[in-house]
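> Structure incoming, see below.
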Amino acid sequence: MRAWSAPEVPRLTQPGPAVSLHDTATGGRIVPTPDGAARLYVCGITPYDATHLGHAATYLGFDLLQRAWRNAGHDVVYVQNVTDVDDPLLERAEKVKVDWVALAERETELFRTDMEALRVLPPAHYIGAVESIPLVIDLITELEAAGATYRVEQDLYYSVAADPRFGAESGYDRDTMLRLFGERGGDPERPGKRDPLDCVVWRGEREGEPSWDSPWGKGRPGWHIECAAIAREHLGTGFDVQGGGSDLVFPHHEMCAGHVQVVAGGAPFAQVYSHAGMVAYDGEKMSKSRGNLVFVSALRNSDIDPMAIRLALLRHHYRSDWEWQDAELFDAVDDLARWRRALALGAGAPAAPVVTAVLDAVADDLDAPTATAAIDAWVDATLGAAGHLADASDPRAAAAITDVLDAALGLAL
Ligand code: ZN
């Protein structure tokens, strides 16, 4: 599938430090040590509704990672999927009486436009669930050969007991797993399963639903096997970072890891499992079911500068759960106006320590709030209290700050 177009990103003369990341599985910091190119997989959207700010915050978080790796001198192979056939998409298409393929294409295109506007670097491989069906069939065939699958009526299930590492990614106890599995698309109550936590890898054909041929009859892939197959194909096993929102910790990422680990002889799926926090609005997590979504496209259509949306999101650490306040967007608009005023002066307060501070902060578990605070401090020193050029000791300061703002934070001013 076509990704979105890549923005031009300045190459910095000063290299950034190695990137350290919080790892969900161990609860500690890990410095991924890419063997050649750094390999990143981030779970993509199910395209049945536009990009809301919760999605945008997640993709922005991993965009910082891609930029930090590039600044540290690594090439990056970034893979993202599009779940372009799944229950929520089909349900929405049925509800609004739109062909599911047309709905998926329309919403995927809107997502691309939103990502471009926010200057999110595109994945090298942007893969849809439908186009990945041959990969899915290969992986299920291997799972079957490993004795890790069984049938319940027309559906094929994966047995979590097949993976000795099951539970290691999330670290959740069984009660938590059972609760989350039920809340997030699983079917713990279904009779005939060996373990209530076992998940569908091939869903047999249902009337009125799209289906594809497979060795297990007509049907379509489960959600977890889709990401597992795409990641394995394009990144191999033991790739550097699997990322996504924290609502994917379980069951999605646990199952993806298990599917691949079972056929990889126990080798780990990824080195680091990285998760972005959830964004709330009006007191609740932003979600389709609650209807409290703020859409990136709606803000763009209101002539809000996408760089202000980006800055407002970057003011929050990617791992924190936080609540969107409309006022923060207006603050970001004001901040950008002030930053642009300072950058227009050419000269300014010394840039070198600020460039170092920004690169260090982003490499330190993607700490964008500290990085943007370093820019605020430079702007304050340059403009002074009166808003006029107060410190012109670095004649090329603006150029250096402009470059690091884009290279490290994706803010093109
Ligand atoms: Zn996924």
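Note on naming: chains are A, B, ... as they come in the structure tokens, residues start from 1 per chain, ligands start from 1 in the order shown.
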Could I get the residue neighbourhood of ligand 1 at 8 Å, counting only C-alpha atoms and all ligand atoms, as a PyMOL selection string?
chain A and resi 42-44+81+223-224+226-228+244+248+252-253+256
> Can you spit out the residues from that selection as a PDB file, in the first residue's frame, using C-alpha atoms?

ATOM      1  CA  VAL A  42       4.197   0.599  14.924  1.00  0.00           C
ATOM      2  CA  CYS A  43       0.639  -0.666  14.751  1.00  0.00           C
ATOM      3  CA  GLY A  44      -1.452   1.352  12.337  1.00  0.00           C
ATOM      4  CA  ASN A  81       0.101  -1.747   8.980  1.00  0.00           C
ATOM      5  CA  TRP A 223      -6.050  -8.929  14.050  1.00  0.00           C
ATOM      6  CA  HIS A 224      -2.970 -10.101  15.965  1.00  0.00           C
ATOM      7  CA  GLU A 226      -1.850  -9.652  10.781  1.00  0.00           C
ATOM      8  CA  CYS A 227       0.718  -7.503  12.612  1.00  0.00           C
ATOM      9  CA  ALA A 228       2.808 -10.544  13.523  1.00  0.00           C
ATOM     10  CA  GLY A 244       1.813   1.423  19.723  1.00  0.00           C
ATOM     11  CA  LEU A 248      -2.296  -2.426  22.674  1.00  0.00           C
ATOM     12  CA  HIS A 252      -2.545  -7.268  20.863  1.00  0.00           C
ATOM     13  CA  HIS A 253       1.202  -7.007  21.403  1.00  0.00           C
ATOM     14  CA  CYS A 256       1.780 -10.721  18.108  1.00  0.00           C
TER      15      CYS A 256
END
> Pick out the residues sitting within 9 Å of segment 296-299 of chain A, and hand them over as a list in words; count only C-alpha atoms, and ignore anything fewer than 6 positions along from it in its own chain.
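Those residues are Ala50, Thr51, His52, Leu53, Ala56, Leu110, Phe111, Thr113, Asp114, Asp305, Pro306 and Ile309 of chain A.
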> Near His275 of chain A, counting only C-alpha atoms, which residues have an atom at most 8 Å away, once you skip same-chain residues fewer than 6 positions from it, shown as a ChimeraX atom specification?
/A:24,243-246,248-249,319
> Could those residues be written to a file, using C-alpha atoms, as a tab-separated table (two decimals), in the first residue's frame?

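Result file follows (result_24.tsv):
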chain	number	residue	atom	x	y	z
A	24	THR	CA	7.12	-2.16	28.85
A	243	GLY	CA	5.41	0.40	19.31
A	244	GLY	CA	1.81	1.42	19.72
A	245	GLY	CA	-0.66	2.95	22.15
A	246	SER	CA	-0.75	1.56	25.69
A	248	LEU	CA	-2.30	-2.43	22.67
A	249	VAL	CA	-0.07	-3.85	25.44
A	319	ARG	CA	4.28	7.89	27.75
> So that I can check the surroundings of Gly61 of chain A, please list as a short mmCIF file (atom, residue, chain, number, x, y, z; two decimals) with N, CA, C and O atoms, in the first residue's frame every protein, DNA and RNA residue that reaches within 10 Å of it, counting only C-alpha atoms and ignoring chain neighbours fewer than 3 positions away.

data_model
loop_
_atom_site.label_atom_id
_atom_site.label_comp_id
_atom_site.auth_asym_id
_atom_site.auth_seq_id
_atom_site.Cartn_x
_atom_site.Cartn_y
_atom_site.Cartn_z
N HIS A 55 -4.55 9.22 18.35
CA HIS A 55 -3.73 8.57 17.32
C HIS A 55 -2.51 9.43 17.00
O HIS A 55 -1.39 8.94 16.93
N ALA A 56 -2.78 10.71 16.76
CA ALA A 56 -1.70 11.61 16.33
C ALA A 56 -0.59 11.62 17.36
O ALA A 56 0.60 11.59 17.01
N ALA A 57 -0.96 11.65 18.65
CA ALA A 57 0.06 11.69 19.71
C ALA A 57 0.92 10.43 19.66
O ALA A 57 2.14 10.48 19.84
N THR A 58 0.29 9.28 19.42
CA THR A 58 1.05 8.03 19.34
C THR A 58 2.03 8.05 18.17
O THR A 58 3.23 7.77 18.34
N LEU A 64 9.33 10.76 16.75
CA LEU A 64 10.50 11.27 17.48
C LEU A 64 11.59 10.21 17.52
O LEU A 64 12.78 10.52 17.42
N LEU A 65 11.17 8.95 17.71
CA LEU A 65 12.15 7.86 17.76
C LEU A 65 12.87 7.74 16.41
O LEU A 65 14.10 7.62 16.35
N GLN A 66 12.09 7.78 15.35
CA GLN A 66 12.72 7.67 14.03
C GLN A 66 13.72 8.81 13.80
O GLN A 66 14.83 8.60 13.32
N VAL A 120 4.93 13.85 9.93
CA VAL A 120 5.33 12.54 10.44
C VAL A 120 6.05 11.80 9.31
O VAL A 120 5.51 11.71 8.20
N GLY A 243 6.08 -0.72 18.66
CA GLY A 243 5.41 0.40 19.31
C GLY A 243 3.92 0.43 19.05
O GLY A 243 3.41 -0.21 18.13
N GLY A 244 3.25 1.21 19.89
CA GLY A 244 1.81 1.42 19.72
C GLY A 244 1.27 2.12 20.96
O GLY A 244 2.02 2.44 21.89
N GLY A 245 -0.02 2.35 20.97
CA GLY A 245 -0.66 2.95 22.15
C GLY A 245 -0.69 1.95 23.30
O GLY A 245 -0.62 0.73 23.08
N SER A 274 7.41 -0.66 23.27
CA SER A 274 7.28 0.73 23.66
C SER A 274 5.84 1.19 23.47
O SER A 274 5.24 0.93 22.43
N HIS A 275 5.32 1.88 24.47
CA HIS A 275 3.89 2.24 24.41
C HIS A 275 3.64 3.70 24.76
O HIS A 275 4.19 4.22 25.73
N ALA A 276 2.81 4.32 23.95
CA ALA A 276 2.43 5.71 24.16
C ALA A 276 1.20 5.79 25.04
O ALA A 276 0.34 4.90 25.01
N GLY A 277 1.10 6.87 25.81
CA GLY A 277 -0.03 7.05 26.73
C GLY A 277 -1.32 7.36 25.98
O GLY A 277 -1.35 7.50 24.77
N LEU A 313 0.95 18.77 21.06
CA LEU A 313 1.11 17.36 21.43
C LEU A 313 2.49 17.09 22.01
O LEU A 313 2.64 16.33 22.97
N LEU A 314 3.51 17.75 21.46
CA LEU A 314 4.88 17.52 21.94
C LEU A 314 5.12 18.07 23.34
O LEU A 314 6.09 17.70 24.00
N HIS A 316 3.57 17.28 25.78
CA HIS A 316 3.30 16.17 26.71
C HIS A 316 4.25 15.01 26.39
O HIS A 316 4.50 14.71 25.23
N HIS A 317 4.74 14.38 27.43
CA HIS A 317 5.62 13.23 27.23
C HIS A 317 4.83 12.09 26.59
O HIS A 317 3.68 11.84 26.98
N TYR A 318 5.44 11.39 25.64
CA TYR A 318 4.67 10.39 24.89
C TYR A 318 4.11 9.29 25.77
O TYR A 318 3.09 8.68 25.46
N ARG A 319 4.77 9.01 26.91
CA ARG A 319 4.28 7.89 27.75
C ARG A 319 3.20 8.31 28.73
O ARG A 319 2.58 7.46 29.37
N ASP A 365 14.56 8.78 26.10
CA ASP A 365 13.18 8.31 26.13
C ASP A 365 12.22 9.35 25.54
O ASP A 365 11.13 9.58 26.07
N LEU A 366 12.65 9.96 24.45
CA LEU A 366 11.78 10.83 23.64
C LEU A 366 11.15 11.96 24.47
O LEU A 366 9.93 12.19 24.40
N ASP A 367 11.99 12.64 25.24
CA ASP A 367 11.49 13.65 26.16
C ASP A 367 11.29 14.99 25.44
O ASP A 367 12.07 15.94 25.59
N ALA A 368 10.22 15.06 24.68
CA ALA A 368 9.93 16.28 23.91
C ALA A 368 9.61 17.48 24.80
O ALA A 368 9.98 18.61 24.45
N LEU A 409 12.50 17.41 16.24
CA LEU A 409 11.12 17.53 16.72
C LEU A 409 10.08 17.58 15.61
O LEU A 409 8.87 17.55 15.87
#
> Give me every alpha helix (DSSP H) residue in segment 230-337 of chain A, going by DSSP on the backbone, as JSON, numbers by chain.
{"A": [230, 231, 232, 233, 234, 235, 254, 255, 256, 257, 258, 259, 260, 261, 262, 263, 296, 297, 298, 299, 300, 301, 306, 307, 308, 309, 310, 311, 312, 313, 314, 326, 327, 328, 329, 330, 331, 332, 333, 334, 335, 336, 337]}
> Quote the spacing between atom CA of Ser287 of chain A and atom CA of Thr83 of chain A in Å to one decimal place.
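The value is 17.1 Å.
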> Can you write out as a tab-separated table which residues of segment 166-283 of chain A fall within 7 Å of segment 321-332 of chain A, alongside each residue's closest atom pair and its distance in Å to one decimal, counting only C-alpha atoms and ordering rows by chain and ascending residue number?

residue	atom	partner	partner_atom	distance
A:Gly277	CA	A:Asp321	CA	4.6
A:Met278	CA	A:Asp321	CA	4.8
A:Val279	CA	A:Trp322	CA	5.2
A:Ala280	CA	A:Glu323	CA	4.3
A:Tyr281	CA	A:Trp324	CA	5.3
> Select from segment 165-382 of chain A everything DSSP, run on the backbone, classes as strand (DSSP E or B), then give the selection as a PyMOL selection string.
chain A and resi 199-204+212+219-221+239-245+270-276+279-281+284-285+295+322-323+348+364
